[in-house]
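Trainee: One file: structure04.txt (compact mmCIF, C-alpha atoms and all ligand atoms).
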# COMPACT_ATOMS: atom_id res chain seq x y z
CA MET A 229 46.74 57.06 48.08
CA VAL A 230 46.14 59.76 45.45
CA ASP A 231 43.39 58.70 43.07
CA THR A 232 42.51 61.93 41.25
CA LEU A 233 44.92 64.26 39.57
CA THR A 234 44.16 67.45 37.63
CA ILE A 235 46.91 68.82 35.43
CA ARG A 236 47.21 71.35 32.63
CA GLN A 237 46.21 69.70 29.39
CA PRO A 238 49.19 67.76 27.97
CA ASP A 239 50.90 68.33 24.62
CA ASP A 240 52.65 65.74 22.46
CA TRP A 241 56.06 67.06 21.42
CA HIS A 242 56.66 64.25 18.86
CA ILE A 243 53.80 62.66 16.91
CA HIS A 244 53.37 60.95 13.51
CA PHE A 245 50.00 61.57 11.86
CA ARG A 246 50.86 60.28 8.34
CA ASP A 247 48.48 61.37 5.58
CA GLY A 248 45.31 60.35 3.72
CA GLU A 249 43.18 57.63 5.31
CA MET A 250 45.71 56.92 8.07
CA LEU A 251 45.69 60.58 9.10
CA LYS A 252 41.91 60.51 9.35
CA ALA A 253 42.01 57.30 11.38
CA VAL A 254 44.53 58.49 13.98
CA VAL A 255 44.42 62.27 14.31
CA ASN A 256 41.42 62.46 16.62
CA ASP A 257 42.97 60.06 19.12
CA THR A 258 45.55 62.81 19.65
CA ALA A 259 43.26 65.82 19.18
CA SER A 260 40.84 64.52 21.83
CA GLN A 261 43.54 64.42 24.52
CA PHE A 262 46.33 66.83 23.67
CA GLY A 263 46.36 70.59 23.14
CA ARG A 264 49.24 70.71 20.66
CA GLY A 265 51.60 68.38 18.89
CA ILE A 266 54.92 68.67 17.10
CA ILE A 267 54.04 66.95 13.83
CA MET A 268 56.72 64.74 12.31
CA PRO A 269 57.42 65.42 8.61
CA ASN A 270 58.46 61.91 7.42
CA LEU A 271 55.66 61.49 4.90
CA VAL A 272 56.24 59.98 1.48
CA PRO A 273 57.30 62.32 -0.07
CA PRO A 274 58.52 64.23 3.01
CA VAL A 275 57.46 67.70 4.17
CA VAL A 276 60.50 69.65 2.99
CA THR A 277 59.35 73.20 2.26
CA GLY A 278 57.30 75.80 4.06
CA ALA A 279 54.62 75.37 1.39
CA ASP A 280 54.56 71.60 2.04
CA ALA A 281 54.14 72.24 5.77
CA ALA A 282 51.33 74.75 5.25
CA ALA A 283 49.48 72.33 2.95
CA TYR A 284 49.97 69.41 5.38
CA ARG A 285 48.71 71.56 8.24
CA GLU A 286 45.52 72.21 6.22
CA ARG A 287 44.99 68.48 5.69
CA ILE A 288 45.48 67.81 9.40
CA THR A 289 43.11 70.57 10.47
CA ALA A 290 40.48 69.34 8.02
CA ALA A 291 40.63 65.85 9.54
CA ILE A 292 40.12 67.01 13.15
CA GLN A 293 36.59 66.74 14.52
CA PRO A 294 35.17 70.20 15.30
CA GLU A 295 34.69 69.50 19.02
CA HIS A 296 38.47 69.26 19.55
CA GLN A 297 40.74 72.24 19.98
CA PHE A 298 44.09 70.99 18.78
CA THR A 299 46.92 72.99 17.27
CA PRO A 300 49.33 71.14 14.99
CA LEU A 301 52.85 72.58 15.27
CA MET A 302 54.53 71.81 11.98
CA THR A 303 58.11 70.76 11.26
CA LEU A 304 60.26 70.52 8.15
CA TYR A 305 62.22 67.46 7.11
CA LEU A 306 65.84 68.51 6.72
CA THR A 307 67.61 67.33 3.57
CA ASP A 308 71.04 67.99 2.08
CA ASN A 309 69.28 70.47 -0.23
CA THR A 310 67.12 72.40 2.25
CA ASP A 311 67.07 76.12 1.46
CA PRO A 312 67.93 78.22 4.56
CA ALA A 313 65.84 81.12 3.23
CA ASP A 314 62.75 78.93 2.96
CA VAL A 315 63.23 77.71 6.54
CA LYS A 316 63.54 81.26 7.82
CA ASP A 317 60.50 82.34 5.84
CA ALA A 318 58.35 79.46 7.14
CA ALA A 319 59.44 80.19 10.71
CA ASP A 320 58.82 83.94 10.35
CA GLN A 321 55.33 83.21 9.09
CA GLY A 322 54.63 80.93 12.05
CA ILE A 323 54.15 77.90 9.80
CA ILE A 324 56.89 75.80 11.41
CA HIS A 325 58.08 75.36 14.99
CA ALA A 326 61.06 73.08 14.43
CA VAL A 327 63.12 71.24 11.81
CA LYS A 328 63.72 67.50 12.00
CA LEU A 329 67.07 65.90 11.32
CA TYR A 330 66.92 62.29 10.19
CA PRO A 331 70.30 60.81 9.40
CA ALA A 332 69.69 59.23 5.95
CA GLY A 333 68.57 55.63 6.41
CA ALA A 334 68.15 55.78 10.20
CA THR A 335 64.44 54.94 10.36
CA THR A 336 61.04 54.87 8.61
CA ASN A 337 60.97 57.16 5.56
CA SER A 338 64.39 58.63 6.22
CA GLN A 339 65.81 57.92 2.74
CA SER A 340 65.80 61.64 1.95
CA GLY A 341 67.51 62.52 5.23
CA VAL A 342 70.84 64.19 5.85
CA THR A 343 73.95 62.34 4.62
CA SER A 344 76.39 64.56 6.54
CA ILE A 345 75.79 67.33 9.07
CA ASN A 346 78.36 69.39 7.18
CA ASN A 347 75.90 69.59 4.29
CA VAL A 348 73.28 71.39 6.39
CA MET A 349 75.41 73.78 8.45
CA SER A 350 74.09 76.85 6.61
CA VAL A 351 70.53 75.87 7.56
CA LEU A 352 71.50 75.17 11.16
CA GLU A 353 73.23 78.54 11.44
CA VAL A 354 70.06 80.32 10.34
CA MET A 355 68.03 78.24 12.81
CA ALA A 356 70.40 79.20 15.64
CA ASP A 357 69.97 82.85 14.65
CA ILE A 358 66.19 82.75 14.76
CA ASN A 359 65.94 80.38 17.75
CA LEU A 360 64.25 77.59 15.76
CA PRO A 361 64.76 74.19 17.44
CA LEU A 362 66.33 71.21 15.71
CA CYS A 363 64.62 67.89 16.51
CA VAL A 364 67.18 65.12 16.16
CA HIS A 365 66.79 61.42 15.46
CA GLY A 366 69.96 60.56 17.33
CA GLU A 367 71.30 57.39 15.76
CA VAL A 368 74.24 56.71 13.48
CA THR A 369 73.54 54.51 10.49
CA SER A 370 76.91 52.86 9.78
CA PRO A 371 76.41 49.13 9.23
CA ASP A 372 79.38 48.36 11.48
CA ILE A 373 77.76 49.98 14.55
CA ASP A 374 75.58 47.65 16.59
CA ILE A 375 71.95 48.73 16.61
CA PHE A 376 71.94 48.92 20.43
CA ASP A 377 74.93 51.32 20.36
CA ARG A 378 73.74 53.67 17.65
CA GLU A 379 72.41 56.37 19.96
CA ALA A 380 75.51 56.52 22.17
CA VAL A 381 77.80 56.65 19.14
CA PHE A 382 75.70 59.40 17.58
CA LEU A 383 76.03 61.56 20.69
CA GLU A 384 79.78 61.25 20.72
CA THR A 385 80.55 61.46 17.02
CA GLN A 386 77.77 63.72 15.69
CA LEU A 387 75.81 65.66 18.27
CA GLN A 388 78.59 66.78 20.57
CA PRO A 389 80.74 68.17 17.72
CA LEU A 390 77.67 69.92 16.28
CA GLN A 391 76.78 71.51 19.61
CA GLN A 392 80.37 72.57 20.17
CA ALA A 393 80.41 74.22 16.75
CA LEU A 394 76.99 75.84 17.19
CA PRO A 395 76.16 76.17 20.91
CA GLU A 396 73.37 78.69 20.23
CA LEU A 397 71.30 76.09 18.34
CA LYS A 398 68.40 74.64 20.33
CA VAL A 399 68.57 70.86 20.02
CA ILE A 400 66.11 68.27 21.13
CA LEU A 401 67.22 64.67 21.31
CA GLU A 402 64.03 62.95 20.23
CA HIS A 403 62.86 59.71 21.87
CA VAL A 404 65.98 59.32 24.01
CA THR A 405 66.52 55.63 24.83
CA THR A 406 69.75 55.32 26.82
CA ALA A 407 71.40 56.40 30.05
CA ASP A 408 74.07 57.92 27.79
CA GLY A 409 71.41 60.14 26.21
CA VAL A 410 69.92 61.11 29.56
CA ASN A 411 73.34 62.06 30.91
CA TYR A 412 74.17 63.98 27.74
CA VAL A 413 71.04 66.10 28.13
CA ARG A 414 71.41 66.56 31.90
CA ASP A 415 75.01 67.70 31.44
CA GLY A 416 74.09 69.93 28.51
CA SER A 417 73.12 73.57 28.43
CA TYR A 418 69.62 74.97 28.47
CA ASN A 419 69.66 74.57 24.68
CA THR A 420 69.65 70.77 24.97
CA ALA A 421 66.46 68.88 25.76
CA ALA A 422 64.97 65.43 25.15
CA THR A 423 61.60 63.87 24.56
CA ILE A 424 60.77 60.47 26.07
CA THR A 425 58.12 58.03 24.82
CA PRO A 426 55.67 56.09 26.98
CA HIS A 427 56.80 52.79 25.49
CA HIS A 428 60.46 53.34 26.32
CA LEU A 429 59.32 53.98 29.92
CA MET A 430 57.15 50.85 30.03
CA ILE A 431 59.27 48.21 28.27
CA ASN A 432 62.85 47.10 27.71
CA ARG A 433 64.38 44.67 25.24
CA ASN A 434 63.46 41.65 27.33
CA HIS A 435 59.80 42.50 26.87
CA MET A 436 60.39 42.55 23.12
CA LEU A 437 62.52 39.41 22.80
CA VAL A 438 62.06 36.97 25.70
CA GLY A 439 59.54 34.17 25.20
CA GLY A 440 58.85 35.14 21.60
CA ILE A 441 59.46 38.15 19.39
CA ARG A 442 56.90 40.92 19.75
CA PRO A 443 56.81 42.99 16.58
CA HIS A 444 54.56 45.63 18.09
CA TYR A 445 57.39 46.58 20.46
CA TYR A 446 59.79 47.13 17.57
CA CYS A 447 60.58 50.81 17.09
CA LEU A 448 63.59 53.00 16.45
CA PRO A 449 65.63 53.78 18.36
CA ILE A 450 65.14 50.21 19.55
CA VAL A 451 64.27 49.59 23.20
CA LYS A 452 67.38 48.93 25.25
CA ARG A 453 68.28 46.93 28.39
CA ALA A 454 66.51 47.48 31.71
CA THR A 455 69.20 49.76 33.16
CA HIS A 456 68.59 52.21 30.32
CA GLN A 457 64.83 51.95 30.83
CA GLN A 458 65.36 52.86 34.48
CA ALA A 459 67.52 55.85 33.52
CA LEU A 460 64.66 57.09 31.33
CA ARG A 461 62.16 56.56 34.13
CA ASP A 462 64.41 58.51 36.51
CA ALA A 463 64.79 61.38 34.04
CA ALA A 464 61.10 61.61 33.16
CA THR A 465 59.87 61.43 36.73
CA SER A 466 62.52 63.78 38.17
CA GLY A 467 60.66 66.90 37.06
CA HIS A 468 63.84 68.09 35.28
CA GLU A 469 62.75 70.92 32.97
CA ARG A 470 64.52 69.61 29.86
CA PHE A 471 62.78 66.22 29.69
CA PHE A 472 59.22 66.05 28.38
CA LEU A 473 56.66 63.91 26.61
CA GLY A 474 56.96 63.04 22.94
CA THR A 475 54.92 59.91 22.32
CA ASP A 476 56.55 59.05 18.97
CA SER A 477 53.20 57.38 18.33
CA ALA A 478 53.83 56.03 14.83
CA PRO A 479 51.00 54.05 13.24
CA HIS A 480 51.70 51.20 10.83
CA LEU A 481 49.13 48.72 9.54
CA THR A 482 49.20 45.59 11.67
CA HIS A 483 50.14 43.33 8.76
CA THR A 484 53.20 45.46 7.97
CA LYS A 485 54.53 44.84 11.47
CA GLU A 486 53.56 41.16 11.75
CA THR A 487 55.72 40.01 8.86
CA SER A 488 59.21 38.71 8.13
CA CYS A 489 60.61 42.26 7.89
CA GLY A 490 58.34 44.42 10.01
CA CYS A 491 58.11 48.20 10.18
CA ALA A 492 59.40 50.20 13.15
CA GLY A 493 56.85 52.16 15.14
CA VAL A 494 54.48 51.86 18.10
CA TYR A 495 50.96 53.27 18.10
CA ASN A 496 50.46 54.33 21.70
CA THR A 497 48.17 57.38 21.64
CA PRO A 498 45.06 55.67 23.09
CA ASN A 499 46.80 54.70 26.35
CA THR A 500 49.68 57.18 26.62
CA LEU A 501 48.30 59.05 29.63
CA SER A 502 47.34 55.81 31.40
CA CYS A 503 50.85 54.45 30.90
CA LEU A 504 52.48 57.65 32.10
CA ALA A 505 50.39 58.00 35.24
CA GLN A 506 51.22 54.38 36.08
CA VAL A 507 54.96 54.94 35.59
CA PHE A 508 54.94 58.12 37.67
CA GLU A 509 52.96 56.39 40.41
CA GLU A 510 55.34 53.43 40.44
CA GLU A 511 58.24 55.88 40.76
CA ASN A 512 56.45 57.79 43.56
CA ALA A 513 56.51 60.93 41.45
CA LEU A 514 52.91 61.72 40.52
CA GLU A 515 53.62 65.33 41.54
CA HIS A 516 55.94 65.60 38.52
CA LEU A 517 53.52 64.20 35.93
CA GLU A 518 52.26 67.67 35.01
CA ALA A 519 55.77 69.01 34.45
CA PHE A 520 56.59 66.13 32.11
CA CYS A 521 53.33 66.14 30.14
CA SER A 522 52.23 69.75 30.18
CA LEU A 523 54.78 72.31 31.42
CA ASN A 524 58.36 71.49 30.45
CA GLY A 525 57.64 71.14 26.73
CA PRO A 526 55.92 74.49 26.20
CA THR A 527 58.48 76.29 28.33
CA TRP A 528 61.36 74.89 26.29
CA TYR A 529 59.61 75.70 23.00
CA GLY A 530 58.83 79.22 24.26
CA LEU A 531 55.06 78.76 24.41
CA PRO A 532 52.57 79.14 27.27
CA PRO A 533 51.07 76.02 28.85
CA ASN A 534 47.56 75.06 27.78
CA GLU A 535 44.72 76.87 29.55
CA ASN A 536 42.53 73.74 29.72
CA THR A 537 43.04 71.05 32.30
CA THR A 538 42.90 67.26 32.20
CA THR A 539 41.76 65.14 35.11
CA LEU A 540 43.05 61.62 35.58
CA THR A 541 41.52 59.14 37.97
CA ARG A 542 42.76 55.86 39.34
CA ARG A 543 40.15 53.15 38.93
CA SER A 544 39.76 49.96 40.94
CA THR A 545 39.41 47.90 37.77
CA PRO A 546 41.70 47.96 34.74
CA THR A 547 41.20 50.75 32.23
CA GLU A 548 39.83 49.68 28.88
CA TYR A 549 41.32 50.83 25.61
CA PRO A 550 40.99 49.36 22.12
CA ALA A 551 43.37 46.57 21.08
CA SER A 552 43.43 48.10 17.61
CA ILE A 553 41.91 50.87 15.53
CA THR A 554 40.43 50.47 12.08
CA THR A 555 41.41 52.16 8.83
CA PRO A 556 40.06 51.46 5.34
CA ASP A 557 43.35 49.65 4.60
CA GLY A 558 43.43 47.45 7.72
CA THR A 559 43.94 47.76 11.46
CA VAL A 560 46.61 49.47 13.52
CA THR A 561 47.51 47.59 16.69
CA VAL A 562 47.52 49.70 19.84
CA PHE A 563 50.50 49.47 22.21
CA ASP A 564 49.88 46.77 24.81
CA PRO A 565 52.21 47.46 27.73
CA GLY A 566 51.70 43.90 28.98
CA VAL A 567 50.30 44.98 32.36
CA ASP A 568 46.93 46.27 33.48
CA LEU A 569 46.60 50.05 33.59
CA TYR A 570 44.46 51.71 36.25
CA TRP A 571 44.72 55.43 35.51
CA ALA A 572 42.64 57.08 32.82
CA ALA A 573 41.69 60.57 31.77
CA VAL A 574 38.13 61.42 32.74
O1 LIG B 1 59.92 53.57 15.37
C1 LIG B 1 59.90 54.58 14.70
N1 LIG B 1 58.89 54.83 13.84
N2 LIG B 1 60.91 55.45 14.82
C2 LIG B 1 61.03 56.50 14.01
O2 LIG B 1 61.99 57.22 14.14
C3 LIG B 1 60.04 56.74 12.93
C4 LIG B 1 58.76 56.10 13.23
C5 LIG B 1 57.84 56.03 12.04
O3 LIG B 1 57.70 57.02 11.33
O4 LIG B 1 57.23 54.97 11.83
ZN ZN B 2 59.21 59.63 15.48
The structure given in the file should be rewritten as structure tokens.
Mentor:
Amino acid sequence: MVDTLTIRQPDDWHIHFRDGEMLKAVVNDTASQFGRGIIMPNLVPPVVTGADAAAYRERITAAIQPEHQFTPLMTLYLTDNTDPADVKDAADQGIIHAVKLYPAGATTNSQSGVTSINNVMSVLEVMADINLPLCVHGEVTSPDIDIFDREAVFLETQLQPLQQALPELKVILEHVTTADGVNYVRDGSYNTAATITPHHLMINRNHMLVGGIRPHYYCLPIVKRATHQQALRDAATSGHERFFLGTDSAPHLTHTKETSCGCAGVYNTPNTLSCLAQVFEEENALEHLEAFCSLNGPTWYGLPPNENTTTLTRRSTPTEYPASITTPDGTVTVFDPGVDLYWAAV
């Protein structure tokens, strides 16, 4: 049995750092393990201009401990009023690496998101021209669509028409959660990719809802039934070049999740690599872990892989990680996959 694995240092192609005290509390969990991260822009207020992104990047860099070499790759939050010229300028200057589309109302801090894709076509056309990827939160928001169907309906009614209209646009279906999404990406062109989270690989809706409701498993898009979980595991562990790691690690204070109307988001950074190695081992695919964590993402984004390496070992006793982290405003509960984990980065 393999019990040591050395891979190129991983990147996180979808991460929420927040701002202020929360940023300081979480950023080094990422910076100590990952080389780069695509930084989500859903702050309050959101990161909407190149100047906002440059200023946020400064705050992130200032919060990283000097011993870590971590490069934040910034994104802009697309709104109905985004200025195409500002997007092009920020991309030309190397400030941003992608733009994020949140359908208005789809998830945490998405109130300023896009109300209709038609309203942002001029921005998307510029992005296609300059090869700037669009990161998509792929869920419709109509109240009449069941929450478990919102991804599949989005693909059919929003994403497919967009990609037919603008096939040159690079699109990444963030945190894909369904077999429908996996098939959409597999059947798509090279311009279509997806990130997958560790928690969607580890749990399905039974874990969240059977025997009691577990608010720390609540995230958006919501975890689906086991057949969808298996489709995600198959995609991630296949080595397919258009599936790669985006943790969607999204810290919320514990008390804002353990309440009558809890926030969506899972804080998984401390045990992401342990979870992934376990999933890949269970699927007999450890040889594809490096592609998923460290190679496919940079290739798709047009960047070289990290020079550094990361070594993972399989221990005989369960790996320890904190149950929560502390911030001045309270704790953030760390994702508990509900099983012992044996792999850990050295
Ligand atoms: O569960 C989620 N939490 N999904 C998202 O799309 C946003 C994220 C957050 O920012 O908390
Ligand atoms: Zn996210």
Trainee: Would you mind listing the residues within 6 Å of ligand LIG 1 (chain B), counting all atoms listed in the file, as a list of chain:residue names?
Mentor: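 Those within range of ligand LIG 1 (chain B) are A:Thr335, A:Thr336, A:Cys447, A:Leu448, A:Ala478, A:Ala492, A:Gly493.
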Trainee: Which chain A residues have any atom within 9 Å of an atom of ligand ZN 2 (chain B), and for each, what is the nearest pair of atoms with distance in Å to one decimal, counting all atoms listed in the file, rows sorted by chain and number, as a tab-separated table?
Mentor:
residue	atom	partner	partner_atom	distance
A:His242	CA	B:ZN2	ZN	6.3
A:Ile243	CA	B:ZN2	ZN	6.4
A:His244	CA	B:ZN2	ZN	6.3
A:Met268	CA	B:ZN2	ZN	6.5
A:Asn270	CA	B:ZN2	ZN	8.4
A:Thr335	CA	B:ZN2	ZN	8.7
A:Thr336	CA	B:ZN2	ZN	8.6
A:His365	CA	B:ZN2	ZN	7.8
A:Glu402	CA	B:ZN2	ZN	7.5
A:His403	CA	B:ZN2	ZN	7.4
A:Leu448	CA	B:ZN2	ZN	8.0
A:Gly474	CA	B:ZN2	ZN	8.5
A:Thr475	CA	B:ZN2	ZN	8.1
A:Asp476	CA	B:ZN2	ZN	4.4
A:Ser477	CA	B:ZN2	ZN	7.0
A:Ala478	CA	B:ZN2	ZN	6.5
A:Gly493	CA	B:ZN2	ZN	7.8
Trainee: Write to file, as a JSON list (two decimals), in the frame of the given file, the residues of the selection just made, with C-alpha atoms.
Mentor:
[["chain", "number", "residue", "atom", "x", "y", "z"],
["A", 242, "HIS", "CA", 56.66, 64.25, 18.86],
["A", 243, "ILE", "CA", 53.80, 62.66, 16.91],
["A", 244, "HIS", "CA", 53.37, 60.95, 13.51],
["A", 268, "MET", "CA", 56.72, 64.74, 12.31],
["A", 270, "ASN", "CA", 58.46, 61.91, 7.42],
["A", 335, "THR", "CA", 64.44, 54.94, 10.36],
["A", 336, "THR", "CA", 61.04, 54.87, 8.61],
["A", 365, "HIS", "CA", 66.79, 61.42, 15.46],
["A", 402, "GLU", "CA", 64.03, 62.95, 20.23],
["A", 403, "HIS", "CA", 62.86, 59.71, 21.87],
["A", 448, "LEU", "CA", 63.59, 53.00, 16.45],
["A", 474, "GLY", "CA", 56.96, 63.04, 22.94],
["A", 475, "THR", "CA", 54.92, 59.91, 22.32],
["A", 476, "ASP", "CA", 56.55, 59.05, 18.97],
["A", 477, "SER", "CA", 53.20, 57.38, 18.33],
["A", 478, "ALA", "CA", 53.83, 56.03, 14.83],
["A", 493, "GLY", "CA", 56.85, 52.16, 15.14]]
Trainee: Just checking: using only C-alpha atoms, which residue out of A:Leu481, A:Val413, A:Leu517, A:Ile345 ends up closest to A:Ser502?
Mentor: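 Smallest distance to A:Ser502 is found for A:Leu517.
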Trainee: I want to know what sits within 12 Å of A:Leu306, based on all atoms listed in the file, with residues of the same chain fewer than 3 positions away left out; could you give that as JSON, numbers by chain?
Mentor: {"A": [268, 269, 270, 274, 275, 276, 277, 278, 303, 309, 310, 311, 312, 314, 315, 326, 327, 328, 329, 330, 331, 332, 338, 339, 340, 341, 342, 343, 344, 345, 347, 348, 349, 350, 351, 352, 355, 362, 363, 364, 365]}
Trainee: Got a sec to check which residues sit within 6 Å of (45.2, 47.8, 30.1), counting only C-alpha atoms, and write them as a ChimeraX atom specification?
Mentor: /A:546-548,568-569
Trainee: Save out the residues we just selected, C-alpha atoms, as a PDB file, in the coordinates of the input.
Mentor:
ATOM      1  CA  PRO A 546      41.700  47.960  34.740  1.00  0.00           C
ATOM      2  CA  THR A 547      41.200  50.750  32.230  1.00  0.00           C
ATOM      3  CA  GLU A 548      39.830  49.680  28.880  1.00  0.00           C
ATOM      4  CA  ASP A 568      46.930  46.270  33.480  1.00  0.00           C
ATOM      5  CA  LEU A 569      46.600  50.050  33.590  1.00  0.00           C
TER       6      LEU A 569
END
Trainee: Near A:Ala291, within 8 Å and counting all atoms listed in the file, which residues show up once chain neighbours fewer than 2 positions away are dropped, as a ChimeraX atom specification?
Mentor: /A:251-252,255-256,287-289,293
Trainee: Just how far from atom CA of A:Ala573 is atom CA of A:Leu504, in Å to one decimal?
Mentor: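 Result for atom CA of A:Leu504 versus atom CA of A:Ala573: 11.2 Å, one decimal.
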Trainee: How many Å separate atom CA of A:Tyr549 from atom CA of A:Phe262?
Mentor: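 One can read the atom CA of A:Tyr549 to atom CA of A:Phe262 distance as 16.9 Å.
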Trainee: Let me make sure I understand: among A:Ala519, A:Ile375, A:Ile292, A:Leu390, which one has the smallest atom-to-atom distance to A:Pro238 if we use all atoms listed in the file?
Mentor: A:Ala519
Trainee: Extending 5 Å beyond the listed atoms of stretch 527-543 of chain A on each side, what axis-aligned box results? I want centre and edge lengths in Å to one decimal, as JSON.
Mentor:
{"center_x": 50.8, "center_y": 66.2, "center_z": 31.2, "size_x": 31.2, "size_y": 36.1, "size_z": 26.3}
Trainee: Please identify all polymer residues within 12 Å of A:Gly416, counting all atoms listed in the file, omitting same-chain residues fewer than 3 positions from it, and present them as a list in words.
Mentor: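 The residues that qualify are Leu383, Leu387, Gln388, Gln391, Gln392, Pro395, Lys398, Val399, Ile400, Leu401, Gly409, Val410, Asn411, Tyr412, Val413, Asn419, Thr420, Ala421, Ala422, Arg470 and Phe471 of chain A.
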Trainee: Which polymer residues have any atom within 9 Å of an atom of stretch 523-530 of chain A, counting only C-alpha atoms, with same-chain residues fewer than 5 positions away left out, as a ChimeraX atom specification?
Mentor: /A:236,238-241,325,360-361,418-419,421,423,467-474,518
Trainee: Residues at most 10 Å from A:Val451, counting all atoms listed in the file, excluding those fewer than 6 positions away in the same chain, as a PyMOL selection string?
Mentor: chain A and resi 376+404-406+427-436+445+457
Trainee: When you count all atoms listed in the file, which of these residues is closest to A:Gln506: A:Ala334, A:Leu540, A:Pro532, A:Glu486?
Mentor: A:Leu540
Trainee: Have a look at atom CA of A:Gly333 and atom CA of A:Glu367 and let me know their distance in Å, one decimal.
Mentor: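 Interatomic distance here is 9.9 Å.
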Trainee: For A:His444, which residue among A:Thr385, A:Asn359, A:Gln458, A:Ser552 is the nearest when counting only C-alpha atoms?
Mentor: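 Once distances to A:His444 are computed over only C-alpha atoms, the minimum belongs to A:Ser552.
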